[in-house]
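What follows is a single structure, written as structure tokens, with notes after it.
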Amino acid sequence: MGWDTPDDWNRYYTRCPRCNTRYHASEGGCGCTEDLDLCAGPCAEYHQPESLTTTAASGVEQHLCEDCLVCDICQAPATAWDTEACLWICTECATKYAAEDAANGLPPATLNPIEAEVTA
């Protein structure tokens, strides 16, 4: 390498958050044309729009991927939002905890079904 060749020691390289392509800042971007949507779940990754589920069960419309739309107790696919506990819950866990609540004289939890709508 000659003295007239700049060496940036990888300081100006970054990755596109949409397509994960590594590019140099001088390139102005990765040039991806992917039409991707951001998952509102904990993964916070970009996905094809048709692979996300749109739900307002938690009170706020969200676009969630399959990996994030899981029961917060057992990690099975979620079927509803428990408004009192503020968590995603599956049918099996909801049934289990409903029986425990009934045995303890507590009112049943309010569950909002996911009502899956595929984002187009």
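Labeling convention for the structure tokens: chains A, B, ... as they appear, residues from 1 per chain, ligands from 1 in order of appearance.
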Worksheet item: Can you tell me, as a count of residues only, what residues are no more than 12 Å from A:Cys19 when counting only C-alpha atoms, ignoring any on the same chain fewer than 5 positions away?
Response: 15
Practice prompt. Would you mind listing what lies within 6 Å of A:Ala80 as a ChimeraX atom specification, with only C-alpha atoms counted and same-chain residues fewer than 5 positions away left out?
Written response: /A:88-89,111-114
Item to complete: Could you tell me which of A:Val70, A:Ala56, A:Ala109, A:Ala103 comes closest to A:Asp82 if we count only C-alpha atoms?
Response: A:Ala109
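Every residue of chain A with a DSSP assignment of strand (DSSP E), taken from the backbone, is listed as Tyr13, Thr14, Arg15, Arg22, Tyr23, His24, Asp37, Leu38, Tyr46, His47, Thr53, Thr54, Thr55, Gln62, His63, Leu64, Ala80, Trp81, Asp82, Leu87, Trp88, Ile89, Leu111, Asn112, Pro113, Glu117 and Val118 of chain A.
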Written selection (C-alpha atoms) as a PDB file, in the first residue's frame:
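File produced: out.pdb:
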```pdb
ATOM      1  CA  TYR A  13     -18.098   0.066   6.910  1.00  0.00           C
ATOM      2  CA  THR A  14     -21.597  -0.633   8.135  1.00  0.00           C
ATOM      3  CA  ARG A  15     -24.414  -3.149   7.608  1.00  0.00           C
ATOM      4  CA  ARG A  22     -21.999  -4.902   4.478  1.00  0.00           C
ATOM      5  CA  TYR A  23     -21.091  -1.741   2.566  1.00  0.00           C
ATOM      6  CA  HIS A  24     -18.640   1.183   2.694  1.00  0.00           C
ATOM      7  CA  ASP A  37     -41.136  -4.293   7.261  1.00  0.00           C
ATOM      8  CA  LEU A  38     -39.772  -4.049  10.783  1.00  0.00           C
ATOM      9  CA  TYR A  46     -36.839  -6.768   9.036  1.00  0.00           C
ATOM     10  CA  HIS A  47     -39.057  -9.397   7.375  1.00  0.00           C
ATOM     11  CA  THR A  53     -48.948 -10.878  11.546  1.00  0.00           C
ATOM     12  CA  THR A  54     -50.827  -7.651  12.156  1.00  0.00           C
ATOM     13  CA  THR A  55     -52.580  -7.581  15.504  1.00  0.00           C
ATOM     14  CA  GLN A  62     -48.282  -4.229  15.807  1.00  0.00           C
ATOM     15  CA  HIS A  63     -46.600  -6.191  13.035  1.00  0.00           C
ATOM     16  CA  LEU A  64     -45.011  -9.280  14.593  1.00  0.00           C
ATOM     17  CA  ALA A  80     -54.193 -14.007  22.824  1.00  0.00           C
ATOM     18  CA  TRP A  81     -53.037 -10.973  24.795  1.00  0.00           C
ATOM     19  CA  ASP A  82     -53.677 -11.119  28.577  1.00  0.00           C
ATOM     20  CA  LEU A  87     -48.275 -10.676  28.136  1.00  0.00           C
ATOM     21  CA  TRP A  88     -48.825 -12.896  25.113  1.00  0.00           C
ATOM     22  CA  ILE A  89     -50.360 -16.230  26.104  1.00  0.00           C
ATOM     23  CA  LEU A 111     -57.921 -12.152  26.913  1.00  0.00           C
ATOM     24  CA  ASN A 112     -57.884 -10.389  23.565  1.00  0.00           C
ATOM     25  CA  PRO A 113     -57.528 -12.915  20.714  1.00  0.00           C
ATOM     26  CA  GLU A 117     -54.391 -10.629   9.653  1.00  0.00           C
ATOM     27  CA  VAL A 118     -51.584 -11.207   7.208  1.00  0.00           C
TER      28      VAL A 118
END
```
